[in-house]
$ cat model_20.txt   # compact mmCIF, C-alpha atoms and all ligand atoms
# COMPACT_ATOMS: atom_id res chain seq x y z
CA MET X 1 36.03 3.96 -2.22
CA ASN X 2 33.71 4.28 -5.21
CA ASP X 3 32.79 7.68 -6.66
CA PHE X 4 29.69 9.21 -5.12
CA VAL X 5 27.33 12.17 -5.02
CA PHE X 6 26.14 13.11 -1.55
CA TYR X 7 23.20 15.49 -1.37
CA SER X 8 21.53 16.28 1.93
CA PRO X 9 19.97 19.73 1.60
CA THR X 10 17.76 19.50 4.69
CA GLU X 11 18.30 21.95 7.53
CA PHE X 12 18.10 19.90 10.73
CA ILE X 13 17.06 21.87 13.81
CA PHE X 14 17.78 19.58 16.74
CA GLY X 15 17.26 19.84 20.46
CA LYS X 16 15.07 20.47 23.46
CA GLY X 17 12.04 22.59 22.72
CA VAL X 18 12.62 23.17 19.01
CA THR X 19 8.96 22.26 18.52
CA ASP X 20 8.08 25.71 19.85
CA GLN X 21 10.36 27.40 17.33
CA VAL X 22 8.82 26.09 14.13
CA GLY X 23 6.84 29.26 13.41
CA GLU X 24 9.82 31.58 13.23
CA HIS X 25 11.72 29.25 10.91
CA ILE X 26 8.75 28.70 8.62
CA ALA X 27 7.98 32.42 8.46
CA LYS X 28 11.67 33.20 7.82
CA ARG X 29 11.51 30.96 4.76
CA GLY X 30 8.58 32.98 3.44
CA TYR X 31 5.92 30.27 3.77
CA LYS X 32 2.50 31.64 4.67
CA ARG X 33 0.07 28.74 4.64
CA ALA X 34 0.89 25.22 5.80
CA LEU X 35 -0.92 21.91 5.37
CA LEU X 36 -0.33 20.02 8.62
CA VAL X 37 -0.36 16.26 8.00
CA TYR X 38 -0.51 13.83 10.92
CA GLY X 39 -1.41 10.32 11.99
CA LYS X 40 -4.04 8.62 14.08
CA GLY X 41 -3.87 10.92 17.07
CA SER X 42 -0.61 10.59 19.01
CA VAL X 43 0.35 14.18 18.22
CA VAL X 44 -3.06 15.34 19.49
CA ARG X 45 -2.79 13.33 22.71
CA THR X 46 0.76 14.45 23.47
CA GLY X 47 0.04 18.13 22.80
CA THR X 48 2.65 18.30 20.03
CA LEU X 49 0.13 19.42 17.42
CA ASP X 50 -1.08 22.26 19.62
CA ARG X 51 2.48 23.44 20.20
CA VAL X 52 3.16 23.45 16.45
CA LYS X 53 -0.07 25.31 15.69
CA LYS X 54 0.60 27.86 18.42
CA SER X 55 4.12 28.49 17.17
CA LEU X 56 2.95 28.87 13.56
CA ALA X 57 0.13 31.22 14.57
CA ALA X 58 2.51 33.36 16.65
CA SER X 59 4.59 33.91 13.50
CA GLY X 60 1.57 34.63 11.32
CA VAL X 61 1.63 31.31 9.43
CA GLU X 62 -1.85 29.94 8.72
CA ALA X 63 -2.52 26.20 9.01
CA VAL X 64 -5.00 23.72 7.59
CA GLU X 65 -5.05 20.09 8.68
CA LEU X 66 -5.14 16.60 7.22
CA ALA X 67 -5.49 13.99 9.97
CA GLY X 68 -5.64 10.21 9.97
CA VAL X 69 -2.50 8.97 8.21
CA ARG X 70 -2.20 5.29 9.10
CA PRO X 71 1.08 3.44 9.58
CA ASN X 72 2.02 2.15 6.11
CA PRO X 73 0.20 5.13 4.55
CA GLU X 74 -2.33 4.59 1.78
CA VAL X 75 -2.69 6.44 -1.49
CA GLY X 76 -6.38 7.27 -0.86
CA LEU X 77 -5.52 9.78 1.85
CA VAL X 78 -2.73 11.16 -0.33
CA ARG X 79 -5.32 11.93 -3.01
CA GLU X 80 -7.52 13.67 -0.42
CA GLY X 81 -4.53 15.68 0.74
CA ILE X 82 -3.72 16.78 -2.80
CA GLU X 83 -7.28 18.09 -3.27
CA LEU X 84 -7.17 19.86 0.08
CA ALA X 85 -3.78 21.44 -0.58
CA ARG X 86 -5.00 22.76 -3.94
CA LYS X 87 -8.28 24.05 -2.55
CA GLU X 88 -6.60 25.73 0.41
CA ASN X 89 -3.73 27.07 -1.69
CA VAL X 90 -1.03 26.05 0.80
CA ASP X 91 2.61 26.84 0.08
CA VAL X 92 4.29 24.28 2.36
CA ILE X 93 3.38 20.71 3.36
CA PHE X 94 4.10 20.15 7.04
CA PRO X 95 3.92 16.61 8.46
CA VAL X 96 4.03 16.18 12.23
CA GLY X 97 4.81 12.55 12.95
CA GLY X 98 6.93 9.68 11.68
CA GLY X 99 7.73 8.07 8.37
CA SER X 100 4.07 7.49 7.60
CA ALA X 101 2.97 11.12 8.02
CA ILE X 102 6.11 12.39 6.28
CA ASP X 103 5.74 10.01 3.32
CA CYS X 104 2.05 10.89 2.95
CA ALA X 105 3.09 14.57 2.99
CA LYS X 106 5.84 13.99 0.42
CA ALA X 107 3.39 12.33 -1.96
CA ILE X 108 0.95 15.21 -1.51
CA ALA X 109 3.79 17.67 -2.17
CA PHE X 110 4.70 16.15 -5.53
CA GLY X 111 1.09 15.28 -6.35
CA VAL X 112 -0.19 18.85 -6.15
CA PRO X 113 1.62 20.25 -9.22
CA TYR X 114 0.91 17.11 -11.30
CA GLU X 115 -2.24 16.88 -13.41
CA GLY X 116 -2.51 13.09 -13.49
CA ASP X 117 -3.00 10.59 -10.66
CA VAL X 118 -0.25 10.56 -8.01
CA TRP X 119 0.10 6.75 -8.26
CA ASP X 120 1.66 7.34 -11.70
CA PHE X 121 4.89 8.23 -9.88
CA PHE X 122 4.88 4.88 -8.09
CA SER X 123 4.01 2.87 -11.18
CA LYS X 124 6.80 4.70 -13.04
CA LYS X 125 4.39 6.22 -15.55
CA ALA X 126 5.60 9.69 -14.54
CA THR X 127 8.78 11.26 -13.19
CA ILE X 128 8.70 13.86 -10.44
CA ALA X 129 9.57 17.24 -11.91
CA GLU X 130 8.04 19.62 -9.38
CA CYS X 131 7.26 19.50 -5.70
CA LEU X 132 5.93 21.81 -3.02
CA PRO X 133 8.39 22.41 -0.17
CA ILE X 134 8.19 20.16 2.89
CA ALA X 135 8.96 20.99 6.52
CA CYS X 136 8.49 18.40 9.24
CA VAL X 137 8.40 17.82 12.97
CA LEU X 138 9.63 14.28 13.65
CA THR X 139 7.98 12.36 16.50
CA ILE X 140 9.44 8.88 15.98
CA PRO X 141 13.00 8.15 14.92
CA ALA X 142 12.83 5.18 12.55
CA ALA X 143 12.24 5.55 8.83
CA GLY X 144 14.66 8.45 8.33
CA SER X 145 12.19 10.09 5.97
CA GLU X 146 13.01 13.49 7.53
CA GLY X 147 16.25 13.49 5.53
CA SER X 148 15.72 10.86 2.87
CA SER X 149 14.99 10.89 -0.84
CA SER X 150 12.42 8.09 -0.43
CA CYS X 151 8.65 8.04 -0.19
CA VAL X 152 6.83 4.74 0.40
CA ILE X 153 3.06 4.46 -0.15
CA SER X 154 0.63 1.53 -0.15
CA ASN X 155 -2.15 1.02 -2.67
CA ASP X 156 -4.72 -1.28 -1.07
CA GLU X 157 -6.73 -1.68 -4.24
CA LEU X 158 -3.70 -3.04 -6.11
CA GLY X 159 -2.24 -4.80 -3.05
CA LEU X 160 1.04 -2.96 -3.57
CA LYS X 161 3.44 -1.02 -1.37
CA ARG X 162 5.90 0.97 -3.44
CA GLY X 163 8.61 3.55 -3.04
CA THR X 164 9.73 6.35 -5.26
CA ASN X 165 12.93 8.36 -4.97
CA SER X 166 13.77 11.97 -5.73
CA ASN X 167 15.97 14.64 -4.24
CA LEU X 168 13.16 17.11 -4.91
CA PHE X 169 11.14 15.97 -1.93
CA ARG X 170 13.85 15.85 0.70
CA PRO X 171 12.44 18.12 3.43
CA LYS X 172 13.72 21.71 3.42
CA VAL X 173 13.76 21.77 7.20
CA ALA X 174 13.28 19.07 9.84
CA PHE X 175 12.68 19.75 13.54
CA LEU X 176 14.10 17.02 15.76
CA ASP X 177 13.06 17.41 19.38
CA PRO X 178 14.11 14.26 21.27
CA GLU X 179 11.70 14.94 24.13
CA LEU X 180 8.80 14.27 21.76
CA THR X 181 9.91 10.64 21.62
CA PHE X 182 9.51 10.06 25.39
CA THR X 183 5.92 8.94 24.76
CA LEU X 184 6.76 6.26 22.21
CA PRO X 185 5.47 2.78 23.00
CA PRO X 186 8.38 0.34 23.56
CA TYR X 187 7.43 -1.66 20.46
CA GLN X 188 7.68 1.45 18.26
CA THR X 189 10.99 2.45 19.83
CA ALA X 190 12.33 -1.03 19.11
CA ALA X 191 10.93 -1.18 15.58
CA GLY X 192 12.45 2.21 14.85
CA VAL X 193 15.90 1.12 16.01
CA THR X 194 15.63 -2.06 13.95
CA ASP X 195 14.71 -0.04 10.86
CA MET X 196 17.74 2.24 11.37
CA ILE X 197 20.09 -0.73 11.67
CA ALA X 198 18.56 -2.16 8.51
CA HIS X 199 19.12 1.13 6.67
CA VAL X 200 22.79 0.97 7.58
CA CYS X 201 23.11 -2.73 6.75
CA GLU X 202 21.46 -2.38 3.34
CA ARG X 203 24.22 0.06 2.43
CA TYR X 204 27.06 -1.73 4.24
CA PHE X 205 26.23 -4.91 2.32
CA SER X 206 25.86 -3.09 -0.99
CA GLY X 207 28.06 -5.69 -2.63
CA THR X 208 29.95 -3.07 -4.57
CA GLY X 209 32.55 -1.59 -2.30
CA SER X 210 33.93 -0.63 1.04
CA SER X 211 35.50 2.46 2.57
CA SER X 212 37.22 2.55 5.94
CA LEU X 213 35.62 5.91 6.70
CA THR X 214 32.08 5.02 5.63
CA ASP X 215 32.33 1.55 7.18
CA ASN X 216 33.27 3.18 10.50
CA ILE X 217 30.43 5.71 10.26
CA ALA X 218 28.02 2.88 9.45
CA THR X 219 29.07 0.53 12.18
CA GLY X 220 29.46 3.44 14.61
CA ILE X 221 25.76 4.20 14.11
CA ILE X 222 24.89 0.56 14.81
CA ARG X 223 27.11 0.38 17.90
CA ALA X 224 25.55 3.55 19.28
CA LEU X 225 22.10 2.10 18.75
CA ILE X 226 23.08 -1.15 20.46
CA ASP X 227 24.23 0.93 23.45
CA GLU X 228 21.34 3.39 23.57
CA ALA X 229 18.24 1.39 22.66
CA PRO X 230 18.14 -0.68 25.88
CA VAL X 231 18.58 2.53 27.88
CA ALA X 232 15.65 4.20 26.12
CA LEU X 233 13.48 1.14 26.72
CA ALA X 234 14.38 0.98 30.41
CA GLU X 235 14.15 4.74 30.91
CA PRO X 236 11.80 6.23 28.28
CA GLU X 237 12.62 9.77 29.44
CA ASN X 238 16.39 9.42 29.25
CA TYR X 239 17.20 12.43 27.08
CA GLU X 240 20.71 11.39 26.03
CA ALA X 241 19.55 7.97 24.86
CA ARG X 242 16.55 9.42 23.01
CA ALA X 243 18.67 12.15 21.44
CA ASN X 244 21.32 9.74 20.18
CA ILE X 245 18.69 7.40 18.77
CA MET X 246 16.93 10.28 17.04
CA TRP X 247 20.04 11.54 15.27
CA ALA X 248 21.09 7.98 14.42
CA GLY X 249 17.81 7.55 12.56
CA THR X 250 18.61 10.51 10.34
CA LEU X 251 22.22 9.54 9.70
CA ALA X 252 21.24 5.95 8.97
CA HIS X 253 19.18 7.08 6.00
CA ASN X 254 20.30 10.46 4.64
CA ASP X 255 22.93 8.55 2.61
CA ILE X 256 26.00 9.56 4.64
CA ALA X 257 26.34 5.94 5.77
CA GLY X 258 26.66 4.78 2.16
CA CYS X 259 29.11 7.22 0.56
CA GLY X 260 31.59 5.33 -1.58
CA LEU X 261 29.66 2.07 -1.52
CA SER X 262 27.44 2.66 -4.56
CA ALA X 263 27.95 0.98 -7.91
CA THR X 264 27.40 4.27 -9.73
CA PRO X 265 27.96 7.73 -8.25
CA THR X 266 24.33 8.75 -8.27
CA SER X 267 22.79 5.47 -7.13
CA ARG X 268 21.89 4.76 -3.53
CA ALA X 269 24.28 2.16 -2.14
CA GLY X 270 22.92 -1.35 -1.90
CA GLY X 271 20.32 -3.63 -3.37
CA TRP X 272 17.87 -3.12 -0.47
CA GLU X 273 16.96 -6.78 -0.41
CA SER X 274 15.65 -6.89 3.17
CA HIS X 275 13.48 -3.85 2.49
CA ALA X 276 12.12 -5.44 -0.68
CA LEU X 277 11.24 -8.58 1.28
CA GLU X 278 9.74 -6.60 4.17
CA HIS X 279 7.62 -4.28 2.06
CA GLU X 280 5.71 -7.31 0.76
CA LEU X 281 4.90 -8.29 4.35
CA SER X 282 3.50 -4.89 5.34
CA ALA X 283 1.70 -4.62 1.98
CA PHE X 284 0.11 -8.02 2.65
CA ASP X 285 -0.89 -7.02 6.18
CA ALA X 286 -0.83 -3.29 6.96
CA SER X 287 -0.80 -4.04 10.69
CA ILE X 288 2.80 -5.26 10.38
CA THR X 289 5.17 -2.54 11.56
CA HIS X 290 7.96 -1.99 9.03
CA GLY X 291 10.83 -2.31 11.55
CA ALA X 292 9.35 -5.45 13.06
CA GLY X 293 9.02 -6.99 9.61
CA LEU X 294 12.69 -6.22 9.02
CA ALA X 295 13.63 -7.99 12.27
CA GLY X 296 11.86 -11.01 10.80
CA VAL X 297 13.50 -11.04 7.36
CA MET X 298 16.93 -9.40 7.64
CA PRO X 299 18.75 -12.06 9.69
CA ALA X 300 17.27 -14.70 7.37
CA TRP X 301 18.55 -12.74 4.34
CA MET X 302 22.00 -12.50 5.93
CA ARG X 303 22.18 -16.24 6.58
CA PHE X 304 21.18 -16.86 2.97
CA VAL X 305 23.73 -14.56 1.31
CA TRP X 306 26.85 -14.23 3.49
CA ARG X 307 28.86 -16.85 1.55
CA GLU X 308 28.83 -14.48 -1.43
CA ASN X 309 31.41 -12.31 0.34
CA PRO X 310 32.50 -13.75 3.72
CA ALA X 311 35.15 -11.05 4.15
CA ARG X 312 32.49 -8.35 4.22
CA PHE X 313 30.54 -10.19 6.90
CA LEU X 314 33.71 -10.80 8.89
CA LYS X 315 34.41 -7.07 8.84
CA PHE X 316 30.87 -6.45 10.09
CA ALA X 317 31.30 -9.08 12.83
CA LEU X 318 34.50 -7.40 13.99
CA GLN X 319 33.36 -3.80 13.72
CA VAL X 320 29.98 -4.27 15.36
CA PHE X 321 30.43 -7.16 17.78
CA ASP X 322 34.23 -7.58 18.18
CA ILE X 323 33.85 -11.12 16.86
CA GLU X 324 36.81 -12.68 15.01
CA PRO X 325 37.29 -16.19 13.64
CA ILE X 326 39.70 -18.26 15.72
CA ASP X 327 41.62 -19.25 12.57
CA GLU X 328 41.26 -18.99 8.80
CA THR X 329 39.47 -22.27 8.20
CA ASP X 330 36.07 -22.26 6.50
CA GLU X 331 34.55 -23.62 9.68
CA ALA X 332 35.94 -20.82 11.85
CA ILE X 333 34.77 -18.21 9.35
CA GLU X 334 31.29 -19.69 9.30
CA ASP X 335 31.23 -19.77 13.10
CA ALA X 336 32.24 -16.11 13.34
CA VAL X 337 29.74 -14.90 10.74
CA THR X 338 26.96 -16.98 12.23
CA ALA X 339 27.77 -15.70 15.72
CA ALA X 340 27.49 -12.10 14.49
CA ILE X 341 24.14 -12.71 12.77
CA ASP X 342 22.93 -14.54 15.90
CA GLU X 343 23.96 -11.57 18.06
CA LEU X 344 22.19 -9.11 15.81
CA GLN X 345 19.02 -11.18 15.84
CA ALA X 346 19.23 -11.65 19.62
CA PHE X 347 19.55 -7.88 19.98
CA PHE X 348 16.34 -7.36 17.98
CA VAL X 349 14.53 -10.04 20.00
CA ASP X 350 15.74 -8.57 23.30
CA LEU X 351 14.27 -5.25 22.23
CA GLY X 352 10.91 -6.95 21.78
CA MET X 353 11.00 -7.62 18.06
CA PRO X 354 9.81 -10.92 16.55
CA ARG X 355 12.23 -13.74 15.79
CA THR X 356 9.94 -15.49 13.31
CA LEU X 357 7.37 -14.46 10.73
CA GLY X 358 4.85 -16.73 12.44
CA GLU X 359 4.70 -14.16 15.23
CA PHE X 360 2.84 -11.86 12.82
CA GLY X 361 0.08 -14.42 12.49
CA ILE X 362 1.07 -15.43 8.98
CA ALA X 363 1.78 -18.98 7.91
CA PRO X 364 4.37 -20.53 5.57
CA GLU X 365 1.52 -21.12 3.08
CA ASP X 366 1.09 -17.34 2.84
CA VAL X 367 4.56 -16.91 1.35
CA ASP X 368 3.32 -17.80 -2.12
CA LYS X 369 0.95 -14.82 -1.89
CA LEU X 370 3.89 -12.44 -1.42
CA LEU X 371 5.74 -13.49 -4.54
CA PRO X 372 3.54 -12.04 -7.34
CA THR X 373 3.74 -8.54 -5.86
CA LEU X 374 7.45 -8.95 -5.14
CA LYS X 375 7.84 -9.83 -8.81
CA ALA X 376 5.72 -6.83 -9.84
CA ASN X 377 7.89 -4.54 -7.72
CA LYS X 378 11.35 -6.00 -8.22
CA GLY X 379 11.22 -8.25 -11.28
CA GLU X 380 12.41 -11.85 -11.61
CA VAL X 381 15.86 -11.09 -10.15
CA PHE X 382 16.81 -8.41 -7.65
CA GLY X 383 19.46 -7.49 -5.11
CA GLY X 384 23.02 -6.20 -5.00
CA PHE X 385 25.03 -8.29 -2.54
CA LYS X 386 23.76 -11.47 -4.16
CA LYS X 387 21.30 -11.63 -7.03
CA LEU X 388 18.13 -13.21 -5.74
CA THR X 389 15.52 -15.06 -7.77
CA LEU X 390 11.93 -15.35 -6.63
CA GLU X 391 12.74 -18.91 -5.55
CA ASP X 392 15.57 -17.51 -3.39
CA ALA X 393 13.14 -14.99 -1.90
CA LYS X 394 10.75 -17.81 -1.10
CA ALA X 395 13.52 -19.78 0.58
CA ILE X 396 14.48 -16.74 2.68
CA TYR X 397 10.90 -16.15 3.79
CA LEU X 398 10.43 -19.81 4.66
CA SER X 399 13.68 -19.91 6.62
CA ALA X 400 12.31 -17.07 8.77
CA PHE X 401 9.49 -19.23 10.23
O1 LIG M 501 -0.52 7.49 14.03
P1 LIG M 501 -0.12 8.02 15.36
O2 LIG M 501 -1.26 8.13 16.30
O3 LIG M 501 0.65 9.31 15.25
O4 LIG M 501 0.85 6.94 16.07
C1 LIG M 501 2.10 6.54 15.53
C2 LIG M 501 2.05 5.19 14.81
O5 LIG M 501 1.08 4.36 15.40
C3 LIG M 501 3.06 6.26 16.67
N1 LIG M 501 3.81 7.42 17.15
C4 LIG M 501 4.60 8.24 16.40
N2 LIG M 501 5.20 9.15 17.19
C5 LIG M 501 4.76 8.92 18.45
C6 LIG M 501 3.87 7.83 18.43
N3 LIG M 501 3.27 7.36 19.54
C7 LIG M 501 3.57 7.98 20.70
N4 LIG M 501 4.43 9.02 20.80
C8 LIG M 501 5.06 9.50 19.70
N5 LIG M 501 5.94 10.50 19.82
O6 LIG M 501 4.00 5.35 16.13
C9 LIG M 501 3.37 4.56 15.14
C10 LIG M 501 4.29 4.42 13.94
O7 LIG M 501 4.41 5.64 13.24
P2 LIG M 501 4.94 5.61 11.73
O8 LIG M 501 5.02 6.99 11.23
O9 LIG M 501 4.15 4.63 10.93
O10 LIG M 501 6.41 4.99 11.94
P3 LIG M 501 7.71 5.01 11.08
O11 LIG M 501 8.44 6.28 11.25
O12 LIG M 501 8.40 3.75 11.40
O13 LIG M 501 7.23 4.99 9.54
C11 LIG M 501 6.93 3.78 8.90
C12 LIG M 501 6.63 4.00 7.44
O14 LIG M 501 7.77 4.58 6.77
C13 LIG M 501 8.14 3.75 5.66
C14 LIG M 501 7.72 2.38 6.12
O15 LIG M 501 7.65 1.44 5.07
C15 LIG M 501 6.36 2.69 6.73
O16 LIG M 501 5.39 2.85 5.73
N6 LIG M 501 9.55 3.94 5.33
C16 LIG M 501 9.88 5.14 4.79
C17 LIG M 501 11.17 5.41 4.40
C18 LIG M 501 11.53 6.71 3.81
N7 LIG M 501 10.55 7.52 3.44
O17 LIG M 501 12.71 7.06 3.64
C19 LIG M 501 12.24 4.43 4.53
C20 LIG M 501 11.90 3.25 5.37
O18 LIG M 501 12.70 2.16 4.97
C21 LIG M 501 10.47 2.84 5.37
O19 LIG M 501 10.17 1.98 4.28
ZN ZN M 502 13.25 0.99 6.49
$ encode --input "model_20.txt" --output "structure tokens" --more "lines below"
Ligand code: NZQ
Ligand code: ZN
Amino acid sequence: MNDFVFYSPTEFIFGKGVTDQVGEHIAKRGYKRALLVYGKGSVVRTGTLDRVKKSLAASGVEAVELAGVRPNPEVGLVREGIELARKENVDVIFPVGGGSAIDCAKAIAFGVPYEGDVWDFFSKKATIAECLPIACVLTIPAAGSEGSSSCVISNDELGLKRGTNSNLFRPKVAFLDPELTFTLPPYQTAAGVTDMIAHVCERYFSGTGSSSLTDNIATGIIRALIDEAPVALAEPENYEARANIMWAGTLAHNDIAGCGLSATPTSRAGGWESHALEHELSAFDASITHGAGLAGVMPAWMRFVWRENPARFLKFALQVFDIEPIDETDEAIEDAVTAAIDELQAFFVDLGMPRTLGEFGIAPEDVDKLLPTLKANKGEVFGGFKKLTLEDAKAIYLSAF
């Protein structure tokens, strides 16, 4: 086990009906004026927004609203939100939604105290030093932003989708009410589960270590998701399935599934190769759902890199799918690893995720368009498990058609 720092300061308030308790918790923390940030309307249609507003009002917390965050949120709305938050003098930023609303809210929260343009934090011109507090109501378990140190924003003008990391914008409090997820479309449920599994895999295949405890936590999360996701799809109102999936999404990405696997104590475990490859897809076409993009690229990445450390993939095969090689020959090892990757991909496909990138309506010729921005974001060489050149990235994309 490598040395590590684990920091997860968020208070998670989990369970049936916690949506109606937000006001008392927000008031208890001394916040008086909240900027509610939400997406394209699901929280209006489901009544969640009204419940949040009612609860805040009952505790004397005022609310102003910023609506319209799109999936793969764009910096333009972040800038609007920063102006609004300043004008309205809010003291807490309060997203109600998924990773997109929460990431938009995070960027507003660290944009408000900064005099320059918020994109400076994504282009590494500035470092986050101050941030308004964030509280959130999660409506889709997927990105794990409710407990993460990441914020991912697209810039359409530059054709970029970029993340920035800081412990300063981990939410102070996150409300996780599994019943809110009953209304999720099957595709979003499936994409969310895929994203969670990817968050665990990026850390598991960090390339820099292993730990029996962390490896069991990691693969335990994946096994639970493999059990629960089909139940949630078949019975959208199955509380136990929804609740397990919701908590899995947080644990997959609050860093507990990577303790001891990082190269340096303060770094996040893993090279995040599949995420790097995916972010170029959803930057290229904002209609691509992040989790679905991961279903397209992650198995291809695994097939490309596993020979770098077959033992690690064999451990994964055993821990997740009870697959073992029949003997120690190279052929048996390859069969076992390939069977595990096949099973993982078949699981994604059974959930309704794409098997190939062609299913997004993009063509192999488009791959060359992804490489300049990948280079701008990650440089000539990136990755932890295996160092990847841009040519390697191209080969991985092409193998996913
Ligand atoms: O916009 P609305 O109308 O609210 O609809 C949303 C959206 O269309 C809908 N939805 C959410 N909750 C619902 C619901 N529909 C019915 N009932 C509900 N209860 O679901 C759609 C997807 O929402 P979104 O917030 O975009 O999903 P997700 O949580 O997957 O977030 C994706 C974004 O997070 C980023 C991704 O790249 C992407 O931009 N990520 C953020 C991370 C982080 N901050 O730590 C890490 C991830 O790796 C990821 O990169
Ligand atoms: Zn992700």
$ residues_around --input "model_20.txt" --residues "Gly76 (chain X)" --least-positions-apart "5" --cutoff "9 Å" --atoms "all atoms listed in the file" --output "ChimeraX atom specification"
/X:81,155-156
$ residues_around --input "model_20.txt" --residues "region 332-340 of chain X" --least-positions-apart "2" --cutoff "7 Å" --atoms "all atoms listed in the file" --output "PyMOL selection string"
chain X and resi 313-314+317+321+323-330+342-344
$ atom_distance --input "model_20.txt" --atom1 "CA of Phe385 (chain X)" --atom2 "CA of Ala300 (chain X)"
14.1 Å
$ atom_distance --input "model_20.txt" --atom1 "CA of Asp215 (chain X)" --atom2 "CA of Leu168 (chain X)"
27.5 Å
$ atom_distance --input "model_20.txt" --atom1 "atom O3 of ligand LIG 501 (chain M)" --atom2 "CA of Ser149 (chain X)"
21.6 Å
$ closest_residue --input "model_20.txt" --among "X:Met246, X:Leu370, X:Val320, X:Ala135" --to "Cys201 (chain X)" --atoms "only C-alpha atoms"
X:Val320
$ closest_residue --input "model_20.txt" --among "X:Ser55, X:Gln319, X:Thr250, X:Thr356" --to "Ala174 (chain X)" --atoms "all atoms listed in the file"
X:Thr250
$ residues_around --input "model_20.txt" --residues "Tyr397 (chain X)" --least-positions-apart "4" --cutoff "10 Å" --atoms "all atoms listed in the file" --output "PyMOL selection string"
chain X and resi 277-278+281+296-298+300-301+356-357+364+366-368+370+391-393+401
$ closest_residue --input "model_20.txt" --among "X:Thr373, X:Ser123, X:Asn167, X:Thr214" --to "Lys106 (chain X)" --atoms "only C-alpha atoms"
X:Asn167
$ closest_residue --input "model_20.txt" --among "X:Gly17, X:Phe304, X:Glu240, X:Asn377" --to "Thr164 (chain X)" --atoms "all atoms listed in the file"
X:Asn377
$ residues_near_point --input "model_20.txt" --point "(23.2, -8.9, -3.0)" --cutoff "10 Å" --atoms "only C-alpha atoms" --output "list in words"
Glu202, Phe205, Ser206, Gly207, Thr208, Gly270, Gly271, Trp272, Glu273, Ser274, Trp301, Met302, Val305, Trp306, Glu308, Asn309, Phe382, Gly383, Gly384, Phe385, Lys386, Lys387 and Leu388 of chain X
$ closest_residue --input "model_20.txt" --among "X:Gln21, X:Lys125, X:Arg312, X:Lys172" --to "Ile93 (chain X)" --atoms "only C-alpha atoms"
X:Lys172
$ residues_near_point --input "model_20.txt" --point "(27.0, 12.1, 1.3)" --cutoff "6 Å" --atoms "all atoms listed in the file" --output "NGL selection string"
:X and (6-7 or 255-256 or 259)
$ residues_around --input "model_20.txt" --residues "Asp117 (chain X)" --least-positions-apart "2" --cutoff "12 Å" --atoms "only C-alpha atoms" --output "short mmCIF file (atom, residue, chain, number, x, y, z; two decimals) with C-alpha atoms, keeping the file's coordinate frame"
data_model
loop_
_atom_site.label_atom_id
_atom_site.label_comp_id
_atom_site.auth_asym_id
_atom_site.auth_seq_id
_atom_site.Cartn_x
_atom_site.Cartn_y
_atom_site.Cartn_z
CA VAL X 75 -2.69 6.44 -1.49
CA GLY X 76 -6.38 7.27 -0.86
CA VAL X 78 -2.73 11.16 -0.33
CA ARG X 79 -5.32 11.93 -3.01
CA GLU X 80 -7.52 13.67 -0.42
CA ILE X 82 -3.72 16.78 -2.80
CA GLU X 83 -7.28 18.09 -3.27
CA ALA X 107 3.39 12.33 -1.96
CA ILE X 108 0.95 15.21 -1.51
CA PHE X 110 4.70 16.15 -5.53
CA GLY X 111 1.09 15.28 -6.35
CA VAL X 112 -0.19 18.85 -6.15
CA PRO X 113 1.62 20.25 -9.22
CA TYR X 114 0.91 17.11 -11.30
CA GLU X 115 -2.24 16.88 -13.41
CA TRP X 119 0.10 6.75 -8.26
CA ASP X 120 1.66 7.34 -11.70
CA PHE X 121 4.89 8.23 -9.88
CA PHE X 122 4.88 4.88 -8.09
CA SER X 123 4.01 2.87 -11.18
CA LYS X 124 6.80 4.70 -13.04
CA LYS X 125 4.39 6.22 -15.55
CA ALA X 126 5.60 9.69 -14.54
#
$ residues_around --input "model_20.txt" --residues "Ala58 (chain X)" --least-positions-apart "6" --cutoff "12 Å" --atoms "all atoms listed in the file" --output "mmCIF file with C-alpha atoms, in the coordinates of the input"
data_model
loop_
_atom_site.group_PDB
_atom_site.id
_atom_site.type_symbol
_atom_site.label_atom_id
_atom_site.label_comp_id
_atom_site.auth_asym_id
_atom_site.auth_seq_id
_atom_site.Cartn_x
_atom_site.Cartn_y
_atom_site.Cartn_z
ATOM 1 C CA ASP X 20 8.080 25.710 19.850
ATOM 2 C CA GLN X 21 10.360 27.400 17.330
ATOM 3 C CA VAL X 22 8.820 26.090 14.130
ATOM 4 C CA GLY X 23 6.840 29.260 13.410
ATOM 5 C CA GLU X 24 9.820 31.580 13.230
ATOM 6 C CA HIS X 25 11.720 29.250 10.910
ATOM 7 C CA ILE X 26 8.750 28.700 8.620
ATOM 8 C CA ALA X 27 7.980 32.420 8.460
ATOM 9 C CA ARG X 51 2.480 23.440 20.200
ATOM 10 C CA VAL X 52 3.160 23.450 16.450
#
$ closest_residue --input "model_20.txt" --among "X:Gly249, X:Pro171, X:Gly379, X:Pro236" --to "ligand ZN 502 (chain M)" --atoms "only C-alpha atoms and all ligand atoms"
X:Gly249
